[in-house]
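Visitor: This is input_39.txt (compact mmCIF, C-alpha atoms).
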```txt
# COMPACT_ATOMS: atom_id res chain seq x y z
CA LYS X 1 -23.34 16.77 19.37
CA LYS X 2 -22.78 20.40 20.44
CA ALA X 3 -21.55 19.32 23.87
CA LYS X 4 -19.31 16.71 22.29
CA GLY X 5 -17.90 19.37 19.96
CA LYS X 6 -17.10 21.67 22.88
CA ALA X 7 -15.42 18.84 24.76
CA SER X 8 -13.38 17.96 21.70
CA THR X 9 -12.34 21.61 21.22
CA LEU X 10 -11.37 21.92 24.87
CA ALA X 11 -9.29 18.75 24.68
CA THR X 12 -7.55 20.06 21.56
CA LEU X 13 -6.76 23.39 23.24
CA LYS X 14 -5.42 21.63 26.32
CA TYR X 15 -3.21 19.44 24.15
CA ALA X 16 -1.93 22.47 22.23
CA LEU X 17 -1.07 24.22 25.51
CA ARG X 18 0.82 21.16 26.76
CA SER X 19 2.72 20.96 23.48
CA VAL X 20 3.73 24.65 23.63
CA LYS X 21 4.94 24.20 27.19
CA GLN X 22 6.95 21.14 26.18
CA VAL X 23 8.63 22.98 23.28
CA LYS X 24 9.52 25.89 25.57
CA ALA X 25 10.83 23.51 28.22
CA ASN X 26 12.85 21.76 25.52
CA GLU X 27 14.60 24.99 24.52
CA GLU X 28 15.38 25.82 28.16
CA TYR X 29 16.59 22.25 28.72
CA TYR X 30 19.20 22.39 25.94
CA GLN X 31 20.38 25.85 26.98
CA LEU X 32 20.88 24.72 30.57
CA LEU X 33 22.41 21.41 29.50
CA MET X 34 25.08 22.89 27.29
CA SER X 35 25.92 25.74 29.68
CA SER X 36 26.15 23.59 32.82
CA GLU X 37 27.81 20.44 31.44
CA GLY X 38 29.84 21.82 28.57
CA HIS X 39 30.76 19.60 25.63
CA PRO X 40 32.24 16.12 25.88
CA CYS X 41 35.73 15.80 24.53
CA GLY X 42 35.32 16.97 20.92
CA SER X 43 38.20 14.97 19.49
CA ASP X 44 36.56 11.67 20.46
CA VAL X 45 33.13 12.36 18.95
CA PRO X 46 32.81 11.19 15.32
CA SER X 47 31.81 13.93 12.88
CA TYR X 48 29.77 13.52 9.67
CA THR X 49 28.10 15.61 7.01
CA VAL X 50 24.38 15.09 6.41
CA GLU X 51 25.19 13.00 3.32
CA GLU X 52 27.63 10.85 5.32
CA MET X 53 24.96 10.28 8.00
CA GLU X 54 22.78 8.63 5.38
CA SER X 55 25.62 6.31 4.42
CA VAL X 56 26.68 5.28 7.94
CA THR X 57 23.14 4.62 9.21
CA SER X 58 21.63 2.94 6.14
CA GLU X 59 23.13 -0.50 6.82
CA HIS X 60 21.37 -0.61 10.20
CA ILE X 61 17.90 0.36 8.98
CA VAL X 62 17.62 -0.52 5.29
CA LYS X 63 16.37 -4.07 5.92
CA ASN X 64 13.77 -3.05 8.50
CA ALA X 65 10.71 -1.16 7.22
CA ASP X 66 9.81 -0.17 10.80
CA MET X 67 13.10 1.63 11.50
CA PHE X 68 14.34 5.15 10.83
CA ALA X 69 17.36 7.22 11.84
CA VAL X 70 17.33 10.82 13.03
CA ALA X 71 20.06 13.19 14.23
CA VAL X 72 18.83 15.77 16.78
CA SER X 73 20.98 18.78 17.64
CA LEU X 74 21.94 18.92 21.33
CA VAL X 75 22.36 22.67 20.91
CA SER X 76 18.94 23.59 19.51
CA GLY X 77 16.90 20.37 19.65
CA LYS X 78 16.27 20.63 15.89
CA ILE X 79 16.38 17.75 13.43
CA LEU X 80 19.53 17.99 11.30
CA TYR X 81 19.09 14.67 9.51
CA ILE X 82 16.27 12.14 9.16
CA SER X 83 16.22 9.05 6.93
CA ASP X 84 13.92 8.41 3.98
CA GLN X 85 11.98 5.71 5.84
CA VAL X 86 9.94 8.36 7.69
CA ALA X 87 7.82 8.89 4.56
CA SER X 88 6.35 5.37 4.75
CA ILE X 89 6.28 5.12 8.56
CA PHE X 90 4.78 8.53 9.37
CA HIS X 91 2.98 9.28 6.10
CA TYR X 92 4.71 12.67 6.11
CA LYS X 93 7.03 14.01 3.45
CA ARG X 94 10.63 14.14 4.58
CA ASP X 95 10.57 17.93 4.18
CA ALA X 96 7.99 18.15 6.98
CA PHE X 97 10.78 17.46 9.46
CA SER X 98 13.18 20.14 8.24
CA ASP X 99 13.92 22.95 10.72
CA THR X 100 11.63 21.39 13.36
CA LYS X 101 12.33 20.16 16.89
CA PHE X 102 12.11 16.41 17.34
CA VAL X 103 10.18 16.69 20.62
CA GLU X 104 7.33 18.35 18.73
CA PHE X 105 6.55 14.88 17.33
CA LEU X 106 6.64 13.13 20.73
CA ALA X 107 3.70 12.54 23.02
CA PRO X 108 3.94 15.35 25.61
CA HIS X 109 4.30 13.00 28.61
CA ASP X 110 7.23 11.20 26.91
CA VAL X 111 9.33 14.34 26.39
CA GLY X 112 10.85 14.11 29.89
CA VAL X 113 11.89 10.51 29.21
CA PHE X 114 13.54 11.58 25.95
CA HIS X 115 15.52 14.28 27.77
CA SER X 116 16.64 11.97 30.57
CA PHE X 117 18.11 9.45 28.10
CA THR X 118 19.80 11.93 25.73
CA SER X 119 22.13 13.88 28.00
CA PRO X 120 25.50 13.94 26.13
CA TYR X 121 27.44 12.35 28.98
CA LYS X 122 25.06 9.37 29.02
CA LEU X 123 25.39 8.62 25.31
CA PRO X 124 27.79 6.06 23.83
CA LEU X 125 29.83 7.25 20.87
CA TRP X 126 28.53 6.02 17.52
CA SER X 127 32.07 4.97 16.58
CA VAL X 128 32.29 2.77 19.70
CA CYS X 129 29.02 0.91 19.24
CA ASN X 130 29.15 0.80 15.45
CA GLY X 131 31.33 -2.31 15.44
CA ALA X 132 30.51 -5.98 15.47
CA ASP X 133 26.82 -6.89 15.42
CA SER X 134 26.97 -8.47 18.86
CA PHE X 135 28.60 -5.40 20.38
CA THR X 136 26.07 -3.09 18.71
CA GLN X 137 23.29 -5.25 20.14
CA GLU X 138 24.80 -4.90 23.62
CA CYS X 139 24.79 -1.12 23.25
CA MET X 140 21.16 -1.18 22.15
CA GLU X 141 20.08 -3.31 25.08
CA GLU X 142 21.86 -1.07 27.56
CA LYS X 143 20.86 2.35 26.27
CA SER X 144 17.50 2.02 24.51
CA PHE X 145 14.30 3.68 25.75
CA PHE X 146 10.71 4.05 24.54
CA CYS X 147 8.68 7.02 23.32
CA ARG X 148 5.46 7.54 21.37
CA VAL X 149 5.86 9.44 18.11
CA SER X 150 3.11 11.20 16.16
CA VAL X 151 2.26 9.42 12.92
CA GLY X 152 -0.55 11.68 11.68
CA LYS X 153 -4.20 12.15 12.61
CA SER X 154 -7.17 9.81 12.82
CA HIS X 155 -10.51 10.28 11.04
CA GLU X 156 -11.69 12.11 14.20
CA ASN X 157 -8.77 14.54 13.69
CA GLU X 158 -7.02 13.26 16.81
CA ILE X 159 -3.24 12.87 16.80
CA ARG X 160 -2.19 9.21 16.52
CA TYR X 161 0.94 7.97 18.24
CA HIS X 162 2.94 4.79 17.70
CA PRO X 163 5.47 3.45 20.22
CA PHE X 164 9.12 3.31 19.19
CA ARG X 165 12.18 1.79 20.80
CA MET X 166 14.95 4.36 20.50
CA THR X 167 18.67 3.73 20.76
CA PRO X 168 20.74 6.93 21.13
CA TYR X 169 24.36 7.63 20.22
CA LEU X 170 26.60 10.69 20.30
CA VAL X 171 27.83 12.20 17.01
CA LYS X 172 28.65 15.54 15.44
CA VAL X 173 26.86 16.65 12.28
CA ARG X 174 27.77 19.34 9.76
CA GLU X 175 24.77 20.61 7.82
CA GLN X 176 26.98 21.87 4.99
CA GLN X 177 30.54 21.22 3.89
CA GLY X 178 32.80 23.62 5.79
CA ALA X 179 30.12 24.51 8.35
CA GLU X 180 30.77 24.07 12.07
CA SER X 181 29.79 20.68 13.49
CA GLN X 182 26.97 20.46 16.01
CA LEU X 183 26.88 17.94 18.83
CA CYS X 184 23.94 15.64 18.11
CA CYS X 185 22.03 12.68 19.45
CA LEU X 186 21.73 10.09 16.69
CA LEU X 187 18.67 7.90 17.24
CA LEU X 188 17.94 4.53 15.67
CA ALA X 189 14.19 4.17 16.18
CA GLU X 190 12.18 1.00 15.64
CA ARG X 191 8.41 0.77 15.87
CA VAL X 192 7.11 -1.66 18.49
CA HIS X 193 4.17 -3.88 17.46
CA SER X 194 1.77 -5.79 19.66
CA GLY X 195 3.23 -9.15 20.61
CA TYR X 196 -0.10 -10.81 19.80
CA GLU X 197 -0.29 -9.56 16.20
CA ALA X 198 1.74 -10.91 13.28
CA PRO X 199 4.62 -11.47 13.51
CA ARG X 200 3.54 -12.75 16.92
CA ILE X 201 5.84 -13.37 19.85
CA PRO X 202 5.76 -17.18 20.35
CA PRO X 203 3.69 -18.16 23.44
CA GLU X 204 6.72 -19.69 25.16
CA LYS X 205 8.56 -16.34 24.85
CA ARG X 206 5.80 -14.12 26.22
CA ILE X 207 7.79 -13.53 29.38
CA PHE X 208 8.75 -10.36 31.26
CA THR X 209 9.91 -9.19 34.67
CA THR X 210 8.77 -6.40 36.98
CA THR X 211 9.94 -5.13 40.34
CA HIS X 212 7.83 -3.21 42.83
CA THR X 213 8.36 -1.61 46.21
CA PRO X 214 7.16 -3.06 49.53
CA ASN X 215 4.21 -0.65 49.33
CA CYS X 216 3.28 -2.12 45.93
CA LEU X 217 4.37 0.62 43.51
CA PHE X 218 6.06 -0.40 40.26
CA GLN X 219 9.79 0.27 40.45
CA ASP X 220 11.03 -1.21 37.17
CA VAL X 221 9.44 -2.84 34.12
CA ASP X 222 11.31 -5.13 31.74
CA GLU X 223 11.29 -3.85 28.13
CA ARG X 224 9.90 -7.24 27.05
CA ALA X 225 6.64 -6.16 28.72
CA VAL X 226 6.05 -3.35 26.21
CA PRO X 227 4.64 -5.45 23.30
CA LEU X 228 2.77 -7.71 25.75
CA LEU X 229 1.07 -5.05 27.90
CA GLY X 230 0.93 -2.05 25.56
CA TYR X 231 2.40 0.20 28.26
CA LEU X 232 5.77 1.88 28.06
CA PRO X 233 7.90 1.53 31.24
CA GLN X 234 7.25 5.17 32.20
CA ASP X 235 3.47 4.51 32.14
CA LEU X 236 3.74 2.03 35.01
CA ILE X 237 6.73 3.08 37.12
CA GLU X 238 5.66 4.63 40.46
CA THR X 239 2.01 3.61 39.92
CA PRO X 240 0.15 1.08 42.12
CA VAL X 241 0.38 -2.53 40.98
CA LEU X 242 -3.12 -3.27 42.27
CA VAL X 243 -4.75 -0.68 40.00
CA GLN X 244 -3.64 -2.69 36.94
CA LEU X 245 -5.17 -5.92 38.23
CA HIS X 246 -8.71 -7.18 37.74
CA PRO X 247 -10.79 -5.97 40.73
CA SER X 248 -11.70 -9.57 41.60
CA ASP X 249 -7.98 -10.49 41.77
CA ARG X 250 -6.87 -7.66 44.06
CA PRO X 251 -7.66 -9.54 47.31
CA LEU X 252 -5.55 -12.40 45.95
CA MET X 253 -2.67 -10.01 45.26
CA LEU X 254 -2.95 -8.61 48.77
CA ALA X 255 -2.66 -12.15 50.12
CA ILE X 256 0.34 -12.79 47.85
CA HIS X 257 1.93 -9.56 49.03
CA LYS X 258 1.65 -10.60 52.66
CA LYS X 259 3.17 -13.99 51.86
CA ILE X 260 6.05 -12.28 50.03
CA LEU X 261 6.78 -10.13 53.06
CA GLN X 262 6.77 -13.23 55.27
CA SER X 263 8.77 -15.50 52.93
CA GLY X 264 12.15 -13.92 53.64
CA GLY X 265 13.13 -13.71 49.97
CA GLN X 266 12.29 -17.31 49.07
CA PRO X 267 10.74 -17.58 45.56
CA PHE X 268 7.34 -19.17 45.10
CA ASP X 269 4.69 -19.57 42.38
CA TYR X 270 1.11 -18.47 42.79
CA SER X 271 -2.31 -18.61 41.18
CA PRO X 272 -2.79 -16.84 37.84
CA ILE X 273 -3.66 -13.14 38.01
CA ARG X 274 -5.46 -11.01 35.42
CA PHE X 275 -3.53 -7.88 34.37
CA ARG X 276 -5.06 -4.99 32.42
CA THR X 277 -3.36 -4.04 29.16
CA ARG X 278 -3.37 -0.53 27.72
CA ASN X 279 -6.39 -1.26 25.50
CA GLY X 280 -8.46 -2.01 28.61
CA GLU X 281 -8.60 -5.81 28.25
CA TYR X 282 -7.13 -8.34 30.65
CA ILE X 283 -4.47 -10.97 30.08
CA THR X 284 -3.81 -13.87 32.45
CA LEU X 285 -0.33 -14.15 33.93
CA ASP X 286 1.45 -17.02 35.65
CA THR X 287 3.94 -15.48 38.04
CA SER X 288 6.87 -16.51 40.21
CA TRP X 289 7.46 -14.11 43.12
CA SER X 290 10.61 -13.41 45.11
CA SER X 291 12.14 -10.48 46.97
CA PHE X 292 15.50 -8.84 47.60
CA ILE X 293 16.44 -8.27 51.22
CA ASN X 294 18.85 -5.47 52.08
CA PRO X 295 21.75 -7.25 53.86
CA TRP X 296 22.34 -4.29 56.19
CA SER X 297 18.81 -3.39 57.24
CA ARG X 298 17.49 -6.96 56.70
CA LYS X 299 14.33 -5.42 55.27
CA ILE X 300 12.80 -6.10 51.86
CA SER X 301 14.10 -3.55 49.33
CA PHE X 302 11.96 -4.64 46.38
CA ILE X 303 9.80 -7.51 45.14
CA ILE X 304 10.46 -9.33 41.86
CA GLY X 305 7.75 -10.78 39.66
CA ARG X 306 8.65 -13.08 36.76
CA HIS X 307 5.59 -13.27 34.54
CA LYS X 308 4.48 -15.48 31.65
CA VAL X 309 1.35 -14.76 29.63
CA ARG X 310 -1.03 -17.70 29.86
CA VAL X 311 -4.02 -16.12 28.08
CA GLY X 312 -3.72 -13.14 25.71
CA PRO X 313 -6.31 -10.39 25.06
CA LEU X 314 -9.27 -10.70 22.67
CA ASN X 315 -8.27 -7.42 21.05
CA GLU X 316 -4.72 -8.19 20.00
CA ASP X 317 -3.76 -4.52 19.54
CA VAL X 318 -2.64 -3.83 23.11
CA PHE X 319 -1.46 -0.33 22.13
CA ALA X 320 -4.98 0.84 21.28
CA ALA X 321 -6.04 3.67 23.57
CA HIS X 322 -8.79 2.94 26.09
CA PRO X 323 -11.00 5.79 27.34
CA CYS X 324 -11.08 4.52 30.92
CA THR X 325 -7.43 3.71 31.64
CA GLU X 326 -7.40 5.45 35.03
CA GLU X 327 -9.52 5.04 38.11
CA LYS X 328 -10.94 8.20 39.64
CA ALA X 329 -10.53 6.89 43.18
CA LEU X 330 -8.35 4.15 44.56
CA HIS X 331 -9.96 1.27 46.40
CA PRO X 332 -9.35 1.61 50.20
CA SER X 333 -7.11 -1.48 50.21
CA VAL X 334 -4.98 -0.02 47.41
CA GLN X 335 -4.82 3.38 49.10
CA GLU X 336 -3.83 1.86 52.44
CA LEU X 337 -1.07 -0.30 50.96
CA THR X 338 0.49 2.41 48.78
CA GLU X 339 0.63 4.89 51.65
CA GLN X 340 2.50 2.54 54.00
```
Rewrite the structure of this file - the entire thing - as structure tokens.
Guide:
Amino acid sequence: KKAKGKASTLATLKYALRSVKQVKANEEYYQLLMSSEGHPCGSDVPSYTVEEMESVTSEHIVKNADMFAVAVSLVSGKILYISDQVASIFHYKRDAFSDTKFVEFLAPHDVGVFHSFTSPYKLPLWSVCNGADSFTQECMEEKSFFCRVSVGKSHENEIRYHPFRMTPYLVKVREQQGAESQLCCLLLAERVHSGYEAPRIPPEKRIFTTTHTPNCLFQDVDERAVPLLGYLPQDLIETPVLVQLHPSDRPLMLAIHKKILQSGGQPFDYSPIRFRTRNGEYITLDTSWSSFINPWSRKISFIIGRHKVRVGPLNEDVFAAHPCTEEKALHPSVQELTEQ
């Protein structure tokens, strides 16, 4: 028990150090961002008071108990507005978020993703996307990203994170009437649930797409994979495909890979493959493979996998953490392929 206590203390200290570094990096990020890029055209950015923010966002989140809205200052990184729904989602009082930086609630390894998607010049104006439902949906599909947000602590006093799909917009917010407006990122955040738990994704819709490089590293992961695999796209991108497969299926994938390279871009179906979800269990996928050939070099640029879940996991909560999610050493065949 004593050794376990020391290990737990060390892990807590390491986490605290990572969090401090992320907060410091966040402050430096916003200072550099605003000094190097300047502000977007101020006359085009819609401006609201905190009270008006509640009114303009409520129609988008009021009917969904898993959604909340938050306005994060692009000057300081602090939360200027957050909706009432956080009380039921996070089990925190709304006051707990006042005068705090939003990234303090993110999993440390997701902070970089948050920054990359919230640069002012990448954000659509709230007034542009806040139109017809179909147009708003198009904006969400184009701009949304995923991050894990802290929702309290477990019985073991470990921080618990839930995955959220976040859709960012550009607004200005005035904390008080007559105060100067601050450029903000307005986020509509919706919790993502396992696709195998109620309300379940129908079996015929458990479909997603991936692309990987000729040396078998994930290049892109369809957002539909998130509730089916438990991984966020950033968890898989630039990692070896073979590591996520059942060890017994890796020789099969190597054979498939060779066939892909020889097929000249022609699509083909192949035997089912077992893929490891985030909770450590395996699902069985039926996959159609094809590749994109660069017309100038006539070499394969990337390989496309269109996957359908044939057999789901026994533990339906694919977001549950698994203690052995990484391999200490890559199998020689994996190492050889990824280094090509």
Visitor: What lies within 7 Å of region 176-184 of chain X using only C-alpha atoms, ignoring chain neighbours under 3 positions off, as a PyMOL selection string?
Guide: chain X and resi 49+71-75+170-173
Visitor: What does the file look like for those residues with C-alpha atoms, as a compact mmCIF listing (two decimals), in the frame of the given file?
Guide:
```
# COMPACT_ATOMS: atom_id res chain seq x y z
CA THR X 49 28.10 15.61 7.01
CA ALA X 71 20.06 13.19 14.23
CA VAL X 72 18.83 15.77 16.78
CA SER X 73 20.98 18.78 17.64
CA LEU X 74 21.94 18.92 21.33
CA VAL X 75 22.36 22.67 20.91
CA LEU X 170 26.60 10.69 20.30
CA VAL X 171 27.83 12.20 17.01
CA LYS X 172 28.65 15.54 15.44
CA VAL X 173 26.86 16.65 12.28
```
Visitor: What's the 9 Å shell around region 265-268 of chain X, counting all atoms listed in the file, without same-chain residues fewer than 2 positions away, as a count of residues only?
Guide: 14
Visitor: Would you kindly return, as a list in words, each protein, DNA or RNA residue with an atom no farther than 10 Å from any atom of Thr239 (chain X), considering only C-alpha atoms and excluding same-chain residues fewer than 4 positions away?
Guide: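 Returned residues: His212, Cys216, Leu217, Phe218, Gln219, Gln234, Asp235, Val243, Gln244 and Thr338 of chain X.
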Visitor: Could you check the closest approach to Thr100 (chain X) for each of X:Leu80, X:Ala320, X:Leu314, X:Val241 and tell me which residue wins, using only C-alpha atoms?
Guide: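 Of the candidates, the smallest distance to Thr100 (chain X) is held by X:Leu80.
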Visitor: Measuring atom to atom with only C-alpha atoms, identify which of X:Ile79, X:Asp95, X:Leu187, X:Thr210 is nearest to Phe114 (chain X).
Guide: X:Leu187
Visitor: Is it possible to get the residues within 7 Å of (0.6, 7.3, 7.6) (coordinates as in the file, counting all atoms listed in the file) written as a list in words?
Guide: Ser88, Ile89, Phe90, His91, Tyr92, Val151 and Gly152 of chain X
Visitor: Restricted to C-alpha atoms, what would the selected residues look like written as a tab-separated table (two decimals), keeping the file's coordinate frame?
Guide:
```tsv
chain	number	residue	atom	x	y	z
X	88	SER	CA	6.35	5.37	4.75
X	89	ILE	CA	6.28	5.12	8.56
X	90	PHE	CA	4.78	8.53	9.37
X	91	HIS	CA	2.98	9.28	6.10
X	92	TYR	CA	4.71	12.67	6.11
X	151	VAL	CA	2.26	9.42	12.92
X	152	GLY	CA	-0.55	11.68	11.68
```
Visitor: Give as an MDAnalysis selection string every residue, naming chains and numbers as the document does, that has an atom within 12 Å of (14.3, -4.6, 11.6), counting all atoms listed in the file.
Guide: chainID X and resid 58:68 165 188:193
Visitor: Counting only C-alpha atoms, which of X:Val149, X:Val111, X:Ala69, X:Val311 gets nearest to Pro203 (chain X)?
Guide: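 Between X:Val149, X:Val111, X:Ala69, X:Val311, the residue approaching Pro203 (chain X) most closely is X:Val311.
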Visitor: Find the distance between CA of Pro202 (chain X) and CA of Ile237 (chain X) and write it in Å to one decimal.
Guide: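 Distance between the two atoms: 26.3 Å.
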Visitor: Using CA of Ala87 (chain X) and CA of Ser55 (chain X) as the two end points, give the distance in Å to one decimal.
Guide: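 It comes out at 18.0 Å.
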Visitor: Pick from X:Leu186, X:Tyr81, X:Phe146, X:Ile283: nearest to Pro120 (chain X), with only C-alpha atoms counted?
Guide: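 Ranking X:Leu186, X:Tyr81, X:Phe146, X:Ile283 by distance to Pro120 (chain X), first place goes to X:Leu186.
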Visitor: Between CA of Phe319 (chain X) and CA of Val226 (chain X), what distance in Å does the model show, to one decimal?
Guide: 9.1 Å
Visitor: Using all atoms listed in the file, which residue out of X:Thr277, X:Leu236, X:Gly77, X:Ile82 lies closest to Ala96 (chain X)?
Guide: X:Ile82
Visitor: Between X:Asn215, X:Ser98, X:Ser194, X:Ser150, which has the minimum distance to Asp110 (chain X) (counting all atoms listed in the file)?
Guide: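 Counting all atoms listed in the file, the residue closest to Asp110 (chain X) is X:Ser150.
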Visitor: Skip Pro272 (chain X) itself and residues of its chain fewer than 4 positions away, then list as a PyMOL selection string all residues within 9 Å of it, counting only C-alpha atoms.
Guide: chain X and resi 284-287+310
